[in-house]
Amino acid sequence: MADLIRSIAGHYNYWMFVILMMTGLFIVVSRGNLIKKIAGLNIFQTSVFLFYISMGKVTGGTAPVNTGRAGEVYSNPLPHVLILTAIVVGIATTAVGLALAVRIKESYGSIEEDVIEDMHRTERPA
Amino acid sequence: MIAGATAGFIAKHLPVLVVLVPLMAAPACLITGNRHATWAIATLASWTSFALTVALFIRVAGQGPLSYSLGGWAAPFGIEYRADALNAFILPLIAGIASFALPYARGSIGRDVEPRQQNLFYSALLLCLAGLLGVTITGDVFNIFVFLEISSLASYVLVAAGGGRDRRAFKAAFDYLIMGTIGASFFVIGIGFLYMATGTLNIADLAHRLATAPADRTVRMAYGFILVGIGLKLAMMPLHQWLPNAYSYAPPAVTAFLAATATKVSLYVLIRFLYTVFGLDDPFEAQTLKLLVMPLGIIGIFAASTVAIFQNDIRRMFAWSSIAQAGYMLTGIALMTPQGLAASLVNIVNHGLTKGALFMAVGMLTLATGTSRLSDLRGIGRTMPWTMAAILAGGLGLIGVPLTAGFISKWALVSAALDAGQWWLAGAVLLSSLLALGYVWRIVETACFGKADETRVIEPVPLAMVIPAWGLLAVSLYAGVQPALIMEGANAAARSLLPHLTGVGG
Amino acid sequence: MTDHIALPLSILIPLIIGLFVHMFGDRPNQRDAVSLIGGIVTFIMVGWLLPEVMAGARPSASLFEMLPNVSLAFRVEPLGLMFALIASGLWVLTTLYAIGYMRANGETDQTRFYLFFAIAISSAIGIAFSANLLTLFIFYEALTLSTYPLVAHKGTDEARKGARTYLVILLGTSICFLLPAIIWTYGATGTLDFEPGGIVRGHLPPAFAPLLLALFAFGIGKAALMPFHRWLPAAMVAPTPVSALLHAVAVVKAGVFTMLKVGVYIFGTDYLAETGASVWLVWLAGFTILAASIIAMTKDDLKARLAYSTVSQLSYVTLGMALAVQSGVMGGAMQIAMHALGKITLFMCAGGIYVATHKTKVSELDGLGRRMPFTFAAFAIGALSIIGIPPTGGAWSKFYLMLATLDAHQQVLLIVLMASSLLNVIYLLSIPARAFFLPEAGTALRGFGTLKEAPLLCVLPPCLTAIGTIVLFFHADRIYWLIALIPTAGGHF
């Protein structure tokens, strides 16, 4: 039991990552509102960012700036740099998604998936 | 003198130029604005890019793998572009299809996109092309993610461009975006685990470190996440839901381009990860392939082909057929033999050519009649015999009738299955051809022997569509008659990945 | 490339004719004339090869390599030449007949009909001259696809349904069985060439030989071996010229021809005899012969009866191959020629009857013989040849096949053959007998009125082929010397 708690506590950043990821995925799957879907997708992506950032962190390490002092422990900068790129990609995805939601709203008058599906059913099937 | 210097410069920077040309042309299109000028820029860029990929293929075939350090930073610290027998084989397909799709787009895009927005469309197409080429040539796994997202974001936009004609394209693009982003995120999580386990992102470096260290849980997690993430992108059953709508509602040029390239590049990434990075030495990895991917591939072939038979929309029918074809390629990969891998590579190219031509021909039909519903196209074969002949030729390729490219793919896959002692797989592959016969023949019967609708208005099809469609079809037929080049390329690629195959039972 | 110009020409001319037919689509007279001349020229081309082959030459042509060691290549050998001669020769007569039939019936889409007919003939000659299995397979599929529009010609629901059955069975068996058999052969031997004495010896463990043979036998759906025979009756929805030439001659004979080629040039009769790989096929063929004859007796529809008769007669050839003795191969090869001539006569007569009376049922033909004496006389002679009664050519093929059953020590099969001939007498000869000797039925009497023979072009061709069967009885030696060149090492016991 104690081991289990220690294991959970020791990897708490990963647990956070898992919880956030599941929350995000759940929202994407369960919500019919397109904006909420995008929000869920953002939460999901944020969990990935956290995963990378926590991965590169070294306990007690400083920021990876070369100060010239010998023996200083610093965090791994590479994952942080990578995630900057991923954040940019995430923003772009959100932007495209929102733009699509706007166009959907314009042409269907709704951003609720159920309503849109109903309209599809009444239109001639492709 | 100047020419010599230019040639030297091109030769020196060949790997990066392949990506750079369409990547730089995209903003150029954006700035230029005029739709005729942007079309010219885009076409020129794709043709240049195609010429460069061919040059690269010839060079790799002659001199072996080619490594290029981006910005002069040596691998594994800098990003490496690396062309070997595998990706040099895939690159010409991507750029080549784009070279056909762009002239085709000029004839067809007027229906979907307003004239003043067409420069945006061409930019998106070029970005998509640049992304796909980048995914294929880069030797850095995180760079793969970045390029994959460049191409995906562009393709969401491209699919949505069909919304001008049919608003369902917007919803299709949205669903595609959600699924694609989830897939990409899974992929990037997998890369994170790989980095945790090895501390590197360079493919060659990764392969080296993973081969020397026994696979642990972290590596297996990475394997799982990457498999699912890429599985989504390549529409592996049951992660395929985004594909039928996206292909049905996108503009015809986009469907032809994406169907022939996007899923194929994802398959390339899968092959790259399975065979180069992971190497499949770990029994967990090999068993997953054998017990999960192989069955999913076969289920995909049968389920998707069966669904295709019952579609009323020709484009949707062929979209489902694409899911089935992905199944063939997956089973070849999952055989874990050089022959199986080569068969999948042959299939990637041959199916890319055939399906590209097929979607172009269907696009012509849709443009001329204003519909792609089979029930509205009865007897169309009498009024548009040539277009129907093109669709029939492509369809015969899907069935695998001799002298078509599809026959070569099927031959290679069945040979590989027999070689691996998998009799039942050979049987399943051949049996599934009957399902393809089912959906292709539904079209033929309805179009050629149905009662024609006398009041139907047929609009003329612009030559800009006819020439690329027939050109691509001719290439695919040539690939069926003279398969030597593609087969040798695929064999060389499979052989280059062969060292990693030792120790795998199969 | 080629050492005899007639070889590529005999395959290309029908295609060129197809092109011309398409061009002359709106001028029926020119179009039909082109078809006819094309048929004659093709026949001359094929005939040109005959002296060479008889002299021992084997003209060949090679286009390009498709797989390592396998090219798209042609090679004229005796069996193939015989098949090509029959197909192209009867094409001339059928074209003549088709002109009369199609016009008399006022069929639509005649241009499409002649176009695909020409393509089908080209494919059949391609099959005949193939130098290896892959080339043969390509033309085999081309023949299936090019005959599909002919079967579906009428475009009615019934025609489309029949054509669908036709296509699914023929393409399905070829893809599911024939293709893996070819790939297996290629994987095991590294070649697909037709070689005298076969190519599998030493590469294929005898235990697997029956399995490979089964893949071939069922894969060659055009040979209509039970249980894959359903396509043949289904194809009877086609116009009669199609049934006559394609489903009595070109398509079905392409099937049994392939069967013989596989037996002689892929396995080799010696190999089959030594391993006993084909014993099961002997019995299946025997079963098909009897079962199809019995089904034929129950059919009242004339074309359906003839179709089942064809199913039965085709298995004679398969049987000849499966017996794995020289007399069997000779009998099989001869059966290809004799049955072709006999059955095309019957079909053309059936078509003539339809043109004149629009009757399709056997039971409606009572007394018609006196009004259409030429048609029914030709029918009777054709039937005699199918049954194998002298003085018709069919007698020789039956003779050799019966000899083969004794050579192979399969006496039971001798009884099967005799029983089948008896059944043939009942279901084939009864038709002209009723037509000549029964009184005209009461209801039909009024309908017949001033009824007389069908147009000349529908009567002349069957009379010619009927005379042909008699000529072949007296000049069977011509065929004998040709097919005696087929290399079967084993043989006389």
# chains A, B, ... in the order shown; residues from 1 in each chain; ligands from 1

call {"tool": "residues_around", "arguments": {"residues": "Lys355 (chain B)", "least_positions_apart": "2", "cutoff": "9 Å", "atoms": "only C-alpha atoms", "output": "list of chain:residue names"}}
result
B:Ala256, B:Ala259, B:Ala260, B:Phe318, B:Ser322, B:Asn350, B:His351, B:Gly352, B:Leu353, B:Ala357, B:Leu358, B:Phe359, B:Met360, B:Gly394, B:Gly395, B:Gly397, B:Leu398

call {"tool": "write_last_selection", "arguments": {"atoms": "N, CA and C atoms", "output": "PDB file, in the first residue's frame"}}
result
ATOM      1  N   ALA B 256      -8.297  13.504 -55.245  1.00  0.00           N
ATOM      2  CA  ALA B 256      -7.317  12.745 -56.025  1.00  0.00           C
ATOM      3  C   ALA B 256      -5.938  12.867 -55.399  1.00  0.00           C
ATOM      4  N   ALA B 259      -5.934  11.172 -51.681  1.00  0.00           N
ATOM      5  CA  ALA B 259      -6.079   9.714 -51.711  1.00  0.00           C
ATOM      6  C   ALA B 259      -4.798   9.058 -52.193  1.00  0.00           C
ATOM      7  N   ALA B 260      -4.092   9.744 -53.086  1.00  0.00           N
ATOM      8  CA  ALA B 260      -2.894   9.125 -53.650  1.00  0.00           C
ATOM      9  C   ALA B 260      -1.664   9.380 -52.798  1.00  0.00           C
ATOM     10  N   PHE B 318     -15.369   4.714 -53.671  1.00  0.00           N
ATOM     11  CA  PHE B 318     -13.921   4.593 -53.836  1.00  0.00           C
ATOM     12  C   PHE B 318     -13.175   5.015 -52.572  1.00  0.00           C
ATOM     13  N   SER B 322     -10.458   2.803 -50.642  1.00  0.00           N
ATOM     14  CA  SER B 322      -9.129   3.215 -50.179  1.00  0.00           C
ATOM     15  C   SER B 322      -8.830   2.641 -48.801  1.00  0.00           C
ATOM     16  N   ASN B 350       1.528   1.769 -56.714  1.00  0.00           N
ATOM     17  CA  ASN B 350       0.550   1.406 -57.732  1.00  0.00           C
ATOM     18  C   ASN B 350      -0.846   1.884 -57.367  1.00  0.00           C
ATOM     19  N   HIS B 351      -1.203   1.718 -56.096  1.00  0.00           N
ATOM     20  CA  HIS B 351      -2.533   2.169 -55.705  1.00  0.00           C
ATOM     21  C   HIS B 351      -2.620   3.683 -55.726  1.00  0.00           C
ATOM     22  N   GLY B 352      -1.518   4.343 -55.363  1.00  0.00           N
ATOM     23  CA  GLY B 352      -1.509   5.800 -55.433  1.00  0.00           C
ATOM     24  C   GLY B 352      -1.819   6.267 -56.847  1.00  0.00           C
ATOM     25  N   LEU B 353      -1.146   5.672 -57.810  1.00  0.00           N
ATOM     26  CA  LEU B 353      -1.352   6.067 -59.207  1.00  0.00           C
ATOM     27  C   LEU B 353      -2.779   5.745 -59.652  1.00  0.00           C
ATOM     28  N   ALA B 357      -5.803   8.519 -60.434  1.00  0.00           N
ATOM     29  CA  ALA B 357      -6.441   8.603 -61.758  1.00  0.00           C
ATOM     30  C   ALA B 357      -7.944   8.363 -61.646  1.00  0.00           C
ATOM     31  N   LEU B 358      -8.314   7.421 -60.787  1.00  0.00           N
ATOM     32  CA  LEU B 358      -9.723   7.068 -60.649  1.00  0.00           C
ATOM     33  C   LEU B 358     -10.531   8.240 -60.093  1.00  0.00           C
ATOM     34  N   PHE B 359     -10.010   8.872 -59.042  1.00  0.00           N
ATOM     35  CA  PHE B 359     -10.735  10.003 -58.472  1.00  0.00           C
ATOM     36  C   PHE B 359     -10.785  11.172 -59.466  1.00  0.00           C
ATOM     37  N   MET B 360      -9.737  11.297 -60.278  1.00  0.00           N
ATOM     38  CA  MET B 360      -9.782  12.351 -61.291  1.00  0.00           C
ATOM     39  C   MET B 360     -10.881  12.075 -62.312  1.00  0.00           C
ATOM     40  N   GLY B 394      -9.454   2.074 -64.257  1.00  0.00           N
ATOM     41  CA  GLY B 394      -9.011   2.192 -62.868  1.00  0.00           C
ATOM     42  C   GLY B 394      -9.646   1.124 -61.991  1.00  0.00           C
ATOM     43  N   GLY B 395     -10.921   0.884 -62.225  1.00  0.00           N
ATOM     44  CA  GLY B 395     -11.633  -0.117 -61.429  1.00  0.00           C
ATOM     45  C   GLY B 395     -11.049  -1.509 -61.621  1.00  0.00           C
ATOM     46  N   GLY B 397      -8.088  -2.083 -62.213  1.00  0.00           N
ATOM     47  CA  GLY B 397      -6.866  -2.062 -61.410  1.00  0.00           C
ATOM     48  C   GLY B 397      -7.147  -2.412 -59.956  1.00  0.00           C
ATOM     49  N   LEU B 398      -8.272  -1.914 -59.425  1.00  0.00           N
ATOM     50  CA  LEU B 398      -8.616  -2.227 -58.035  1.00  0.00           C
ATOM     51  C   LEU B 398      -8.921  -3.714 -57.877  1.00  0.00           C
TER      52      LEU B 398
END

call {"tool": "interface_residues", "arguments": {"of": "chain B", "to": "chain C", "cutoff": "10 Å", "atoms": "only C-alpha atoms", "output": "VMD selection string"}}
result
chain B and resid 396 399 to 403 408 410 to 412 414 to 416 418 to 419 423 426 to 435 437 to 438 441 to 442 445 to 446 448 to 451 480 to 484 487

call {"tool": "select_by_dssp", "arguments": {"residues": "chain A", "states": "strand (DSSP E or B)", "output": "list in words"}}
result
Asn33, Thr62, Tyr74 and Glu112 of chain A

call {"tool": "write_last_selection", "arguments": {"atoms": "C-alpha atoms", "output": "PDB file, in the first residue's frame"}}
result
ATOM      1  CA  ASN A  33     -20.986  21.222 -29.336  1.00  0.00           C
ATOM      2  CA  THR A  62      18.133  25.613 -12.907  1.00  0.00           C
ATOM      3  CA  TYR A  74      20.229  22.407 -15.225  1.00  0.00           C
ATOM      4  CA  GLU A 112     -24.579  21.358 -32.344  1.00  0.00           C
TER       5      GLU A 112
END

call {"tool": "residues_around", "arguments": {"residues": "region 451-460 of chain C", "least_positions_apart": "5", "cutoff": "8 Å", "atoms": "only C-alpha atoms", "output": "VMD selection string"}}
result
chain C and resid 96 to 101 104 348 to 349 351 to 353 355 to 357 371 to 375

call {"tool": "closest_atom_pairs", "arguments": {"of": "chain B", "to": "chain A", "cutoff": "7 Å", "atoms": "only C-alpha atoms", "output": "CSV"}}
result
residue,atom,partner,partner_atom,distance
B:Leu153,CA,A:Thr93,CA,6.7
B:Arg167,CA,A:Ser107,CA,6.6
B:Phe170,CA,A:Ile104,CA,6.0
B:Lys171,CA,A:Ile104,CA,6.8
B:Phe174,CA,A:Leu100,CA,6.3
B:Leu177,CA,A:Gly97,CA,6.9
B:Ser185,CA,A:Gln45,CA,6.7
B:Ile189,CA,A:Val48,CA,6.5
B:Gly192,CA,A:Tyr52,CA,6.5
B:Asp313,CA,A:Ala126,CA,5.6
B:Arg373,CA,A:Ala126,CA,6.5

call {"tool": "residues_around", "arguments": {"residues": "region 480-489 of chain C", "least_positions_apart": "6", "cutoff": "12 Å", "atoms": "only C-alpha atoms", "output": "number ranges by chain"}}
result
C: 50-58, 76-83, 85, 194-198, 260-261, 263-273, 321, 324-338, 393, 396-397, 400, 472-474

call {"tool": "decode", "arguments": {"residues": "region 453-490 of chain C", "atoms": "N, CA and C atoms", "output": "JSON list (two decimals), in the first residue's frame"}}
result
[["chain", "number", "residue", "atom", "x", "y", "z"],
["C", 453, "GLU", "N", -38.61, -21.11, -93.85],
["C", 453, "GLU", "CA", -37.24, -21.01, -93.35],
["C", 453, "GLU", "C", -36.86, -19.58, -92.95],
["C", 454, "ALA", "N", -35.86, -19.48, -92.07],
["C", 454, "ALA", "CA", -35.31, -18.19, -91.69],
["C", 454, "ALA", "C", -34.57, -17.60, -92.89],
["C", 455, "PRO", "N", -34.15, -16.31, -92.82],
["C", 455, "PRO", "CA", -33.43, -15.72, -93.95],
["C", 455, "PRO", "C", -32.21, -16.55, -94.34],
["C", 456, "LEU", "N", -31.81, -16.38, -95.57],
["C", 456, "LEU", "CA", -30.72, -17.19, -96.13],
["C", 456, "LEU", "C", -29.47, -17.15, -95.24],
["C", 457, "LEU", "N", -29.13, -15.95, -94.76],
["C", 457, "LEU", "CA", -27.90, -15.83, -93.98],
["C", 457, "LEU", "C", -27.99, -16.57, -92.66],
["C", 458, "CYS", "N", -29.21, -16.92, -92.24],
["C", 458, "CYS", "CA", -29.35, -17.69, -91.01],
["C", 458, "CYS", "C", -29.40, -19.19, -91.28],
["C", 459, "VAL", "N", -29.59, -19.56, -92.52],
["C", 459, "VAL", "CA", -29.71, -20.99, -92.84],
["C", 459, "VAL", "C", -28.42, -21.53, -93.44],
["C", 460, "LEU", "N", -27.78, -20.70, -94.27],
["C", 460, "LEU", "CA", -26.59, -21.16, -94.96],
["C", 460, "LEU", "C", -25.46, -21.57, -94.01],
["C", 461, "PRO", "N", -25.09, -20.72, -93.05],
["C", 461, "PRO", "CA", -23.95, -21.10, -92.19],
["C", 461, "PRO", "C", -24.13, -22.44, -91.48],
["C", 462, "PRO", "N", -25.30, -22.70, -90.83],
["C", 462, "PRO", "CA", -25.40, -24.01, -90.17],
["C", 462, "PRO", "C", -25.32, -25.17, -91.16],
["C", 463, "CYS", "N", -25.84, -24.97, -92.40],
["C", 463, "CYS", "CA", -25.74, -26.04, -93.38],
["C", 463, "CYS", "C", -24.28, -26.31, -93.72],
["C", 464, "LEU", "N", -23.51, -25.22, -93.84],
["C", 464, "LEU", "CA", -22.08, -25.38, -94.14],
["C", 464, "LEU", "C", -21.36, -26.13, -93.02],
["C", 465, "THR", "N", -21.64, -25.74, -91.77],
["C", 465, "THR", "CA", -20.95, -26.40, -90.67],
["C", 465, "THR", "C", -21.40, -27.86, -90.56],
["C", 466, "ALA", "N", -22.67, -28.10, -90.87],
["C", 466, "ALA", "CA", -23.15, -29.48, -90.82],
["C", 466, "ALA", "C", -22.42, -30.33, -91.86],
["C", 467, "ILE", "N", -22.25, -29.77, -93.05],
["C", 467, "ILE", "CA", -21.48, -30.48, -94.07],
["C", 467, "ILE", "C", -20.04, -30.67, -93.57],
["C", 468, "GLY", "N", -19.55, -29.62, -92.89],
["C", 468, "GLY", "CA", -18.19, -29.70, -92.35],
["C", 468, "GLY", "C", -18.00, -30.89, -91.43],
["C", 469, "THR", "N", -18.99, -31.17, -90.59],
["C", 469, "THR", "CA", -18.82, -32.30, -89.66],
["C", 469, "THR", "C", -18.69, -33.60, -90.44],
["C", 470, "ILE", "N", -19.41, -33.69, -91.56],
["C", 470, "ILE", "CA", -19.31, -34.92, -92.35],
["C", 470, "ILE", "C", -17.96, -34.99, -93.06],
["C", 471, "VAL", "N", -17.52, -33.83, -93.58],
["C", 471, "VAL", "CA", -16.21, -33.80, -94.25],
["C", 471, "VAL", "C", -15.12, -34.23, -93.26],
["C", 472, "LEU", "N", -15.25, -33.75, -92.03],
["C", 472, "LEU", "CA", -14.22, -34.06, -91.04],
["C", 472, "LEU", "C", -14.16, -35.55, -90.72],
["C", 473, "PHE", "N", -15.27, -36.24, -90.93],
["C", 473, "PHE", "CA", -15.23, -37.68, -90.67],
["C", 473, "PHE", "C", -14.30, -38.36, -91.66],
["C", 474, "PHE", "N", -14.38, -37.90, -92.91],
["C", 474, "PHE", "CA", -13.56, -38.55, -93.95],
["C", 474, "PHE", "C", -12.14, -37.99, -93.99],
["C", 475, "HIS", "N", -11.96, -36.78, -93.47],
["C", 475, "HIS", "CA", -10.62, -36.19, -93.54],
["C", 475, "HIS", "C", -10.07, -35.94, -92.14],
["C", 476, "ALA", "N", -10.41, -36.80, -91.21],
["C", 476, "ALA", "CA", -9.91, -36.62, -89.85],
["C", 476, "ALA", "C", -8.41, -36.75, -89.78],
["C", 477, "ASP", "N", -7.82, -37.37, -90.79],
["C", 477, "ASP", "CA", -6.36, -37.53, -90.77],
["C", 477, "ASP", "C", -5.64, -36.19, -90.76],
["C", 478, "ARG", "N", -6.27, -35.16, -91.40],
["C", 478, "ARG", "CA", -5.65, -33.83, -91.39],
["C", 478, "ARG", "C", -5.45, -33.36, -89.94],
["C", 479, "ILE", "N", -6.53, -33.48, -89.18],
["C", 479, "ILE", "CA", -6.43, -33.06, -87.78],
["C", 479, "ILE", "C", -5.47, -33.99, -87.03],
["C", 480, "TYR", "N", -5.57, -35.27, -87.38],
["C", 480, "TYR", "CA", -4.74, -36.23, -86.66],
["C", 480, "TYR", "C", -3.26, -35.87, -86.79],
["C", 481, "TRP", "N", -2.83, -35.56, -88.02],
["C", 481, "TRP", "CA", -1.40, -35.27, -88.19],
["C", 481, "TRP", "C", -0.98, -34.01, -87.46],
["C", 482, "LEU", "N", -1.91, -33.09, -87.33],
["C", 482, "LEU", "CA", -1.57, -31.87, -86.59],
["C", 482, "LEU", "C", -1.43, -32.17, -85.10],
["C", 483, "ILE", "N", -2.44, -32.83, -84.56],
["C", 483, "ILE", "CA", -2.39, -33.00, -83.10],
["C", 483, "ILE", "C", -1.46, -34.13, -82.70],
["C", 484, "ALA", "N", -1.07, -34.96, -83.67],
["C", 484, "ALA", "CA", -0.09, -35.99, -83.32],
["C", 484, "ALA", "C", 1.26, -35.35, -83.00],
["C", 485, "LEU", "N", 1.41, -34.06, -83.39],
["C", 485, "LEU", "CA", 2.67, -33.37, -83.08],
["C", 485, "LEU", "C", 2.73, -32.88, -81.65],
["C", 486, "ILE", "N", 1.58, -32.98, -80.94],
["C", 486, "ILE", "CA", 1.58, -32.54, -79.53],
["C", 486, "ILE", "C", 2.50, -33.49, -78.75],
["C", 487, "PRO", "N", 3.47, -32.92, -78.08],
["C", 487, "PRO", "CA", 4.45, -33.80, -77.43],
["C", 487, "PRO", "C", 3.91, -34.41, -76.13],
["C", 488, "THR", "N", 3.44, -35.63, -76.21],
["C", 488, "THR", "CA", 3.12, -36.38, -74.99],
["C", 488, "THR", "C", 4.04, -37.58, -74.99],
["C", 489, "ALA", "N", 4.97, -37.55, -74.04],
["C", 489, "ALA", "CA", 6.02, -38.58, -74.07],
["C", 489, "ALA", "C", 5.45, -39.96, -73.80],
["C", 490, "GLY", "N", 4.54, -40.02, -72.87],
["C", 490, "GLY", "CA", 4.02, -41.34, -72.48],
["C", 490, "GLY", "C", 3.08, -41.86, -73.55]]
